file my_file-v1.pdb (PDB, C-alpha atoms)
ATOM      1  CA  MET R   3     -50.927  16.813  64.781  1.00  0.00           C
ATOM      2  CA  LEU R   4     -51.518  16.874  61.026  1.00  0.00           C
ATOM      3  CA  ARG R   5     -55.048  18.162  61.570  1.00  0.00           C
ATOM      4  CA  GLU R   6     -53.625  21.038  63.639  1.00  0.00           C
ATOM      5  CA  ILE R   7     -51.097  21.878  60.917  1.00  0.00           C
ATOM      6  CA  PHE R   8     -53.751  22.001  58.180  1.00  0.00           C
ATOM      7  CA  ARG R   9     -55.951  24.306  60.279  1.00  0.00           C
ATOM      8  CA  ASN R  10     -53.142  26.834  60.339  1.00  0.00           C
ATOM      9  CA  ARG R  11     -53.973  29.720  57.999  1.00  0.00           C
ATOM     10  CA  PHE R  12     -50.278  30.472  57.307  1.00  0.00           C
ATOM     11  CA  ILE R  13     -49.643  26.981  55.978  1.00  0.00           C
ATOM     12  CA  ILE R  14     -52.800  26.932  53.844  1.00  0.00           C
ATOM     13  CA  THR R  15     -51.873  30.334  52.386  1.00  0.00           C
ATOM     14  CA  ALA R  16     -48.335  29.090  51.719  1.00  0.00           C
ATOM     15  CA  TYR R  17     -49.674  26.056  49.834  1.00  0.00           C
ATOM     16  CA  ILE R  18     -51.957  28.217  47.683  1.00  0.00           C
ATOM     17  CA  ILE R  19     -49.215  30.745  46.891  1.00  0.00           C
ATOM     18  CA  GLY R  20     -46.827  27.831  46.319  1.00  0.00           C
ATOM     19  CA  ALA R  21     -49.177  26.373  43.704  1.00  0.00           C
ATOM     20  CA  VAL R  22     -49.296  29.748  41.916  1.00  0.00           C
ATOM     21  CA  THR R  23     -45.492  29.921  42.118  1.00  0.00           C
ATOM     22  CA  VAL R  24     -45.131  26.477  40.528  1.00  0.00           C
ATOM     23  CA  ILE R  25     -47.525  27.413  37.704  1.00  0.00           C
ATOM     24  CA  LEU R  26     -45.596  30.642  37.077  1.00  0.00           C
ATOM     25  CA  ALA R  27     -42.280  28.766  37.103  1.00  0.00           C
ATOM     26  CA  ILE R  28     -43.572  26.260  34.544  1.00  0.00           C
ATOM     27  CA  TYR R  29     -44.765  29.107  32.308  1.00  0.00           C
ATOM     28  CA  LEU R  30     -41.345  30.783  32.502  1.00  0.00           C
ATOM     29  CA  ILE R  31     -39.577  27.513  31.677  1.00  0.00           C
ATOM     30  CA  ILE R  32     -41.792  26.837  28.664  1.00  0.00           C
ATOM     31  CA  ASN R  33     -41.813  30.420  27.255  1.00  0.00           C
ATOM     32  CA  PRO R  34     -38.479  32.109  28.042  1.00  0.00           C
ATOM     33  CA  PHE R  35     -38.108  33.842  24.659  1.00  0.00           C
ATOM     34  CA  SER R  36     -40.127  35.239  21.789  1.00  0.00           C
ATOM     35  CA  VAL R  37     -39.217  34.442  18.195  1.00  0.00           C
ATOM     36  CA  ASN R  38     -39.674  36.612  15.087  1.00  0.00           C
ATOM     37  CA  TYR R  39     -39.440  34.849  11.738  1.00  0.00           C
ATOM     38  CA  TYR R  40     -38.241  37.454   9.252  1.00  0.00           C
ATOM     39  CA  TYR R  41     -37.740  35.215   6.235  1.00  0.00           C
ATOM     40  CA  LYS R  42     -37.572  31.574   5.183  1.00  0.00           C
ATOM     41  CA  GLY R  43     -37.222  30.617   1.549  1.00  0.00           C
ATOM     42  CA  PRO R  44     -35.030  30.713  -1.528  1.00  0.00           C
ATOM     43  CA  PRO R  45     -32.143  33.181  -1.916  1.00  0.00           C
ATOM     44  CA  ILE R  46     -33.288  36.804  -2.051  1.00  0.00           C
ATOM     45  CA  ASN R  47     -32.032  40.343  -2.384  1.00  0.00           C
ATOM     46  CA  ASP R  48     -33.779  42.143   0.438  1.00  0.00           C
ATOM     47  CA  SER R  49     -33.283  44.324   3.485  1.00  0.00           C
ATOM     48  CA  PHE R  50     -34.762  43.769   6.956  1.00  0.00           C
ATOM     49  CA  THR R  51     -35.247  46.253   9.796  1.00  0.00           C
ATOM     50  CA  ILE R  52     -34.324  44.532  13.055  1.00  0.00           C
ATOM     51  CA  ASN R  53     -35.063  45.368  16.690  1.00  0.00           C
ATOM     52  CA  PRO R  54     -31.635  45.930  18.347  1.00  0.00           C
ATOM     53  CA  SER R  55     -32.629  43.907  21.425  1.00  0.00           C
ATOM     54  CA  GLU R  56     -32.927  40.739  19.315  1.00  0.00           C
ATOM     55  CA  THR R  57     -30.291  38.150  18.605  1.00  0.00           C
ATOM     56  CA  VAL R  58     -30.586  37.428  14.887  1.00  0.00           C
ATOM     57  CA  PHE R  59     -29.731  34.054  13.409  1.00  0.00           C
ATOM     58  CA  LEU R  60     -29.066  33.712   9.698  1.00  0.00           C
ATOM     59  CA  ILE R  61     -29.217  30.045   8.671  1.00  0.00           C
ATOM     60  CA  LEU R  62     -27.956  29.152   5.201  1.00  0.00           C
ATOM     61  CA  GLU R  63     -28.389  25.746   3.560  1.00  0.00           C
ATOM     62  CA  THR R  64     -27.655  24.543   0.050  1.00  0.00           C
ATOM     63  CA  ASN R  65     -28.912  21.615  -1.964  1.00  0.00           C
ATOM     64  CA  ASP R  66     -27.083  20.372  -5.072  1.00  0.00           C
ATOM     65  CA  SER R  67     -25.582  23.735  -6.095  1.00  0.00           C
ATOM     66  CA  ASN R  68     -23.623  26.671  -4.689  1.00  0.00           C
ATOM     67  CA  LEU R  69     -24.924  29.635  -2.710  1.00  0.00           C
ATOM     68  CA  ASP R  70     -23.080  32.950  -2.617  1.00  0.00           C
ATOM     69  CA  ILE R  71     -24.406  35.583  -0.227  1.00  0.00           C
ATOM     70  CA  ASN R  72     -23.278  39.096   0.628  1.00  0.00           C
ATOM     71  CA  ILE R  73     -24.420  40.287   4.039  1.00  0.00           C
ATOM     72  CA  THR R  74     -24.469  43.911   5.130  1.00  0.00           C
ATOM     73  CA  VAL R  75     -25.232  44.577   8.785  1.00  0.00           C
ATOM     74  CA  ALA R  76     -25.785  47.912  10.559  1.00  0.00           C
ATOM     75  CA  LYS R  77     -24.544  47.196  14.087  1.00  0.00           C
ATOM     76  CA  TRP R  78     -25.585  49.581  16.840  1.00  0.00           C
ATOM     77  CA  ILE R  79     -23.129  50.110  19.680  1.00  0.00           C
ATOM     78  CA  PRO R  80     -25.287  51.104  22.689  1.00  0.00           C
ATOM     79  CA  GLU R  81     -22.491  52.572  24.834  1.00  0.00           C
ATOM     80  CA  THR R  82     -21.588  55.182  22.219  1.00  0.00           C
ATOM     81  CA  ASN R  83     -24.865  55.318  20.247  1.00  0.00           C
ATOM     82  CA  ILE R  84     -22.868  54.822  17.038  1.00  0.00           C
ATOM     83  CA  THR R  85     -23.943  52.588  14.170  1.00  0.00           C
ATOM     84  CA  VAL R  86     -21.203  50.687  12.312  1.00  0.00           C
ATOM     85  CA  THR R  87     -21.690  48.972   8.959  1.00  0.00           C
ATOM     86  CA  LEU R  88     -20.217  45.472   8.709  1.00  0.00           C
ATOM     87  CA  TYR R  89     -19.848  43.351   5.588  1.00  0.00           C
ATOM     88  CA  ASN R  90     -19.654  39.578   5.286  1.00  0.00           C
ATOM     89  CA  VAL R  91     -19.305  37.388   2.199  1.00  0.00           C
ATOM     90  CA  THR R  92     -20.234  33.722   2.516  1.00  0.00           C
ATOM     91  CA  ASP R  93     -19.804  31.087  -0.178  1.00  0.00           C
ATOM     92  CA  LEU R  94     -21.320  27.639   0.337  1.00  0.00           C
ATOM     93  CA  GLY R  95     -20.756  24.584  -1.797  1.00  0.00           C
ATOM     94  CA  PRO R  96     -23.276  21.834  -2.501  1.00  0.00           C
ATOM     95  CA  TYR R  97     -24.920  20.277   0.558  1.00  0.00           C
ATOM     96  CA  GLN R  98     -23.362  22.674   3.055  1.00  0.00           C
ATOM     97  CA  SER R  99     -24.929  24.722   5.806  1.00  0.00           C
ATOM     98  CA  LYS R 100     -23.805  27.670   7.885  1.00  0.00           C
ATOM     99  CA  GLU R 101     -25.267  29.620  10.772  1.00  0.00           C
ATOM    100  CA  LEU R 102     -24.404  33.228  11.547  1.00  0.00           C
ATOM    101  CA  SER R 103     -25.592  35.179  14.576  1.00  0.00           C
ATOM    102  CA  PHE R 104     -25.692  38.918  15.180  1.00  0.00           C
ATOM    103  CA  THR R 105     -26.528  41.038  18.217  1.00  0.00           C
ATOM    104  CA  THR R 106     -27.547  44.704  18.511  1.00  0.00           C
ATOM    105  CA  ILE R 107     -28.133  45.161  14.793  1.00  0.00           C
ATOM    106  CA  THR R 108     -30.661  47.557  13.311  1.00  0.00           C
ATOM    107  CA  MET R 109     -30.548  46.535   9.647  1.00  0.00           C
ATOM    108  CA  LEU R 110     -29.729  43.338   7.738  1.00  0.00           C
ATOM    109  CA  ASN R 111     -29.278  43.418   3.964  1.00  0.00           C
ATOM    110  CA  LEU R 112     -28.936  40.177   1.974  1.00  0.00           C
ATOM    111  CA  THR R 113     -27.747  39.843  -1.612  1.00  0.00           C
ATOM    112  CA  SER R 114     -27.616  36.236  -2.732  1.00  0.00           C
ATOM    113  CA  VAL R 115     -26.990  34.175  -5.853  1.00  0.00           C
ATOM    114  CA  GLY R 116     -27.480  30.435  -6.251  1.00  0.00           C
ATOM    115  CA  ASN R 117     -29.829  27.773  -4.979  1.00  0.00           C
ATOM    116  CA  GLY R 118     -30.569  26.882  -1.400  1.00  0.00           C
ATOM    117  CA  GLU R 119     -32.570  28.106   1.536  1.00  0.00           C
ATOM    118  CA  ILE R 120     -32.139  31.170   3.729  1.00  0.00           C
ATOM    119  CA  MET R 121     -33.758  31.596   7.122  1.00  0.00           C
ATOM    120  CA  VAL R 122     -33.631  34.793   9.175  1.00  0.00           C
ATOM    121  CA  ILE R 123     -34.844  34.457  12.776  1.00  0.00           C
ATOM    122  CA  GLY R 124     -34.824  37.011  15.610  1.00  0.00           C
ATOM    123  CA  ILE R 125     -34.954  35.857  19.246  1.00  0.00           C
ATOM    124  CA  TYR R 126     -35.485  38.179  22.190  1.00  0.00           C
ATOM    125  CA  ARG R 127     -36.514  38.106  25.836  1.00  0.00           C
ATOM    126  CA  PRO R 128     -39.603  40.268  26.431  1.00  0.00           C
ATOM    127  CA  GLU R 129     -39.635  42.617  29.424  1.00  0.00           C
ATOM    128  CA  ILE R 130     -42.683  40.855  30.860  1.00  0.00           C
ATOM    129  CA  ILE R 131     -40.554  37.721  31.334  1.00  0.00           C
ATOM    130  CA  ASN R 132     -38.069  39.715  33.429  1.00  0.00           C
ATOM    131  CA  VAL R 133     -40.901  41.117  35.555  1.00  0.00           C
ATOM    132  CA  LEU R 134     -42.441  37.662  35.997  1.00  0.00           C
ATOM    133  CA  THR R 135     -39.048  36.273  37.073  1.00  0.00           C
ATOM    134  CA  ILE R 136     -38.796  38.896  39.814  1.00  0.00           C
ATOM    135  CA  ILE R 137     -42.374  38.137  40.908  1.00  0.00           C
ATOM    136  CA  LEU R 138     -41.483  34.428  40.981  1.00  0.00           C
ATOM    137  CA  ALA R 139     -38.548  35.064  43.314  1.00  0.00           C
ATOM    138  CA  ILE R 140     -40.696  37.208  45.629  1.00  0.00           C
ATOM    139  CA  LEU R 141     -43.450  34.564  45.739  1.00  0.00           C
ATOM    140  CA  PHE R 142     -40.884  31.875  46.568  1.00  0.00           C
ATOM    141  CA  ILE R 143     -39.547  33.920  49.503  1.00  0.00           C
ATOM    142  CA  ILE R 144     -43.106  34.566  50.738  1.00  0.00           C
ATOM    143  CA  VAL R 145     -43.961  30.845  50.585  1.00  0.00           C
ATOM    144  CA  ILE R 146     -40.877  29.897  52.601  1.00  0.00           C
ATOM    145  CA  ALA R 147     -41.587  32.612  55.181  1.00  0.00           C
ATOM    146  CA  LEU R 148     -45.249  31.570  55.535  1.00  0.00           C
ATOM    147  CA  LEU R 149     -44.289  27.921  55.954  1.00  0.00           C
ATOM    148  CA  ILE R 150     -41.742  28.766  58.659  1.00  0.00           C
ATOM    149  CA  ILE R 151     -44.221  30.982  60.515  1.00  0.00           C
ATOM    150  CA  GLY R 152     -46.992  28.401  60.152  1.00  0.00           C
ATOM    151  CA  PHE R 153     -44.939  25.481  61.406  1.00  0.00           C
ATOM    152  CA  ILE R 154     -43.579  27.504  64.333  1.00  0.00           C
ATOM    153  CA  GLU R 155     -47.147  28.500  65.271  1.00  0.00           C
ATOM    154  CA  SER R 156     -48.280  24.857  64.977  1.00  0.00           C
ATOM    155  CA  ILE R 157     -45.418  23.668  67.191  1.00  0.00           C
ATOM    156  CA  ILE R 158     -46.262  26.316  69.795  1.00  0.00           C
ATOM    157  CA  ASN R 159     -49.971  25.327  69.727  1.00  0.00           C
ATOM    158  CA  ILE R 160     -49.186  21.611  69.999  1.00  0.00           C
ATOM    159  CA  HIS R 161     -46.749  22.070  72.897  1.00  0.00           C
ATOM    160  CA  GLY R 162     -49.096  24.557  74.568  1.00  0.00           C
ATOM    161  CA  LYS R 163     -51.876  21.904  74.716  1.00  0.00           C
ATOM    162  CA  ALA R 164     -49.598  19.311  76.299  1.00  0.00           C
TER     163      ALA R 164
END
call {"tool": "encode", "arguments": {"input": "my_file-v1.pdb", "output": "structure tokens"}}
result
Amino acid sequence: MLREIFRNRFIITAYIIGAVTVILAIYLIINPFSVNYYYKGPPINDSFTINPSETVFLILETNDSNLDINITVAKWIPETNITVTLYNVTDLGPYQSKELSFTTITMLNLTSVGNGEIMVIGIYRPEIINVLTIILAILFIIVIALLIIGFIESIINIHGKA
């Protein structure tokens, strides 16, 4: 019976496509996002141009002194195609940390005074990941269909010989 099942071309094809599907799924689990490191270091006075599809994280940490930072953000509103300027003032005492996140921004301007560390990170999901996710779903459906067809054919062949 098992020998008959493994001679079935539908089942063999399903196993091969299933192996490719598992490899693709593992790749998508390990690499779901791409990361851009804009800056990591001491306080600065600088401006960054940001891709609006990224989620930007601004991580602030201090050591034994204060950190005062003025943040200016140009936020793009996709529905209206309007850009709004937002301001934020953050004051950190010794040994404090703070994380800020922004979405759909086009520009980030930092003006900072004090000691500490500033990290600006952008995270986004590339379009290829979306395409690979759709391909993964299609491959999964094909594997299930091939297995069903293959096992039905094997059952018919086994009962036909009896």
call {"tool": "atom_distance", "arguments": {"input": "my_file-v1.pdb", "atom1": "CA of Leu62 in chain R", "atom2": "CA of Asp93 in chain R"}}
result
10.0 Å
call {"tool": "resolve_selection", "arguments": {"input": "my_file-v1.pdb", "expression": "the PyMOL selection byres ((chain R and resi 139-146) around 10)", "output": "list in words"}}
result
Phe12, Ile13, Thr15, Ala16, Tyr17, Ile18, Ile19, Gly20, Ala21, Val22, Thr23, Val24, Leu26, Ala27, Leu134, Thr135, Ile136, Ile137, Leu138, Ala147, Leu148, Leu149, Ile150, Ile151 and Gly152 of chain R
call {"tool": "closest_residue", "arguments": {"input": "my_file-v1.pdb", "among": "R:Phe153, R:Tyr29, R:Trp78, R:Tyr41", "to": "Glu56 in chain R", "atoms": "only C-alpha atoms"}}
result
R:Trp78
call {"tool": "closest_residue", "arguments": {"input": "my_file-v1.pdb", "among": "R:Thr57, R:Asn132, R:Ala76, R:Ser67", "to": "Ser103 in chain R", "atoms": "all atoms listed in the file"}}
result
R:Thr57
call {"tool": "resolve_selection", "arguments": {"input": "my_file-v1.pdb", "expression": "the PyMOL selection byres ((chain R and resi 92) around 7)", "output": "NGL selection string"}}
result
:R and (70-72 or 90-91 or 93-94)
call {"tool": "residues_around", "arguments": {"input": "my_file-v1.pdb", "residues": "Asn68 in chain R", "least_positions_apart": "2", "cutoff": "6 Å", "atoms": "all atoms listed in the file", "output": "PyMOL selection string"}}
result
chain R and resi 94-96+116
call {"tool": "atom_distance", "arguments": {"input": "my_file-v1.pdb", "atom1": "CA of Leu112 in chain R", "atom2": "CA of Ser36 in chain R"}}
result
23.3 Å
call {"tool": "atom_distance", "arguments": {"input": "my_file-v1.pdb", "atom1": "CA of Ile46 in chain R", "atom2": "CA of Tyr126 in chain R"}}
result
24.4 Å
call {"tool": "resolve_selection", "arguments": {"input": "my_file-v1.pdb", "expression": "the PyMOL selection byres ((chain R and resi 87) around 7)", "output": "MDAnalysis selection string"}}
result
chainID R and resid 74:77 85:86 88:89
call {"tool": "residues_around", "arguments": {"input": "my_file-v1.pdb", "residues": "Gly124 in chain R", "least_positions_apart": "2", "cutoff": "12 Å", "atoms": "all atoms listed in the file", "output": "PyMOL selection string"}}
result
chain R and resi 35-41+50-61+102-108+110+121-122+126-127
call {"tool": "write_last_selection", "arguments": {"input": "my_file-v1.pdb", "atoms": "C-alpha atoms", "output": "mmCIF file, in the frame of the given file"}}
result
data_model
loop_
_atom_site.group_PDB
_atom_site.id
_atom_site.type_symbol
_atom_site.label_atom_id
_atom_site.label_comp_id
_atom_site.auth_asym_id
_atom_site.auth_seq_id
_atom_site.Cartn_x
_atom_site.Cartn_y
_atom_site.Cartn_z
ATOM 1 C CA PHE R 35 -38.108 33.842 24.659
ATOM 2 C CA SER R 36 -40.127 35.239 21.789
ATOM 3 C CA VAL R 37 -39.217 34.442 18.195
ATOM 4 C CA ASN R 38 -39.674 36.612 15.087
ATOM 5 C CA TYR R 39 -39.440 34.849 11.738
ATOM 6 C CA TYR R 40 -38.241 37.454 9.252
ATOM 7 C CA TYR R 41 -37.740 35.215 6.235
ATOM 8 C CA PHE R 50 -34.762 43.769 6.956
ATOM 9 C CA THR R 51 -35.247 46.253 9.796
ATOM 10 C CA ILE R 52 -34.324 44.532 13.055
ATOM 11 C CA ASN R 53 -35.063 45.368 16.690
ATOM 12 C CA PRO R 54 -31.635 45.930 18.347
ATOM 13 C CA SER R 55 -32.629 43.907 21.425
ATOM 14 C CA GLU R 56 -32.927 40.739 19.315
ATOM 15 C CA THR R 57 -30.291 38.150 18.605
ATOM 16 C CA VAL R 58 -30.586 37.428 14.887
ATOM 17 C CA PHE R 59 -29.731 34.054 13.409
ATOM 18 C CA LEU R 60 -29.066 33.712 9.698
ATOM 19 C CA ILE R 61 -29.217 30.045 8.671
ATOM 20 C CA LEU R 102 -24.404 33.228 11.547
ATOM 21 C CA SER R 103 -25.592 35.179 14.576
ATOM 22 C CA PHE R 104 -25.692 38.918 15.180
ATOM 23 C CA THR R 105 -26.528 41.038 18.217
ATOM 24 C CA THR R 106 -27.547 44.704 18.511
ATOM 25 C CA ILE R 107 -28.133 45.161 14.793
ATOM 26 C CA THR R 108 -30.661 47.557 13.311
ATOM 27 C CA LEU R 110 -29.729 43.338 7.738
ATOM 28 C CA MET R 121 -33.758 31.596 7.122
ATOM 29 C CA VAL R 122 -33.631 34.793 9.175
ATOM 30 C CA TYR R 126 -35.485 38.179 22.190
ATOM 31 C CA ARG R 127 -36.514 38.106 25.836
#
call {"tool": "axis_aligned_box", "arguments": {"input": "my_file-v1.pdb", "around": "range 42-58 of chain R", "padding_each_side": "4 Å", "output": "JSON"}}
result
{"center_x": -33.9, "center_y": 38.4, "center_z": 9.5, "size_x": 15.3, "size_y": 23.6, "size_z": 31.8}
call {"tool": "residues_around", "arguments": {"input": "my_file-v1.pdb", "residues": "Asn111 in chain R", "least_positions_apart": "2", "cutoff": "6 Å", "atoms": "all atoms listed in the file", "output": "PyMOL selection string"}}
result
chain R and resi 48-49+73-74
call {"tool": "residues_around", "arguments": {"input": "my_file-v1.pdb", "residues": "Pro45 in chain R", "least_positions_apart": "2", "cutoff": "9 Å", "atoms": "all atoms listed in the file", "output": "count of residues only"}}
result
13
call {"tool": "closest_residue", "arguments": {"input": "my_file-v1.pdb", "among": "R:Leu30, R:Pro44, R:Asn159, R:Thr64", "to": "Ser99 in chain R", "atoms": "all atoms listed in the file"}}
result
R:Thr64
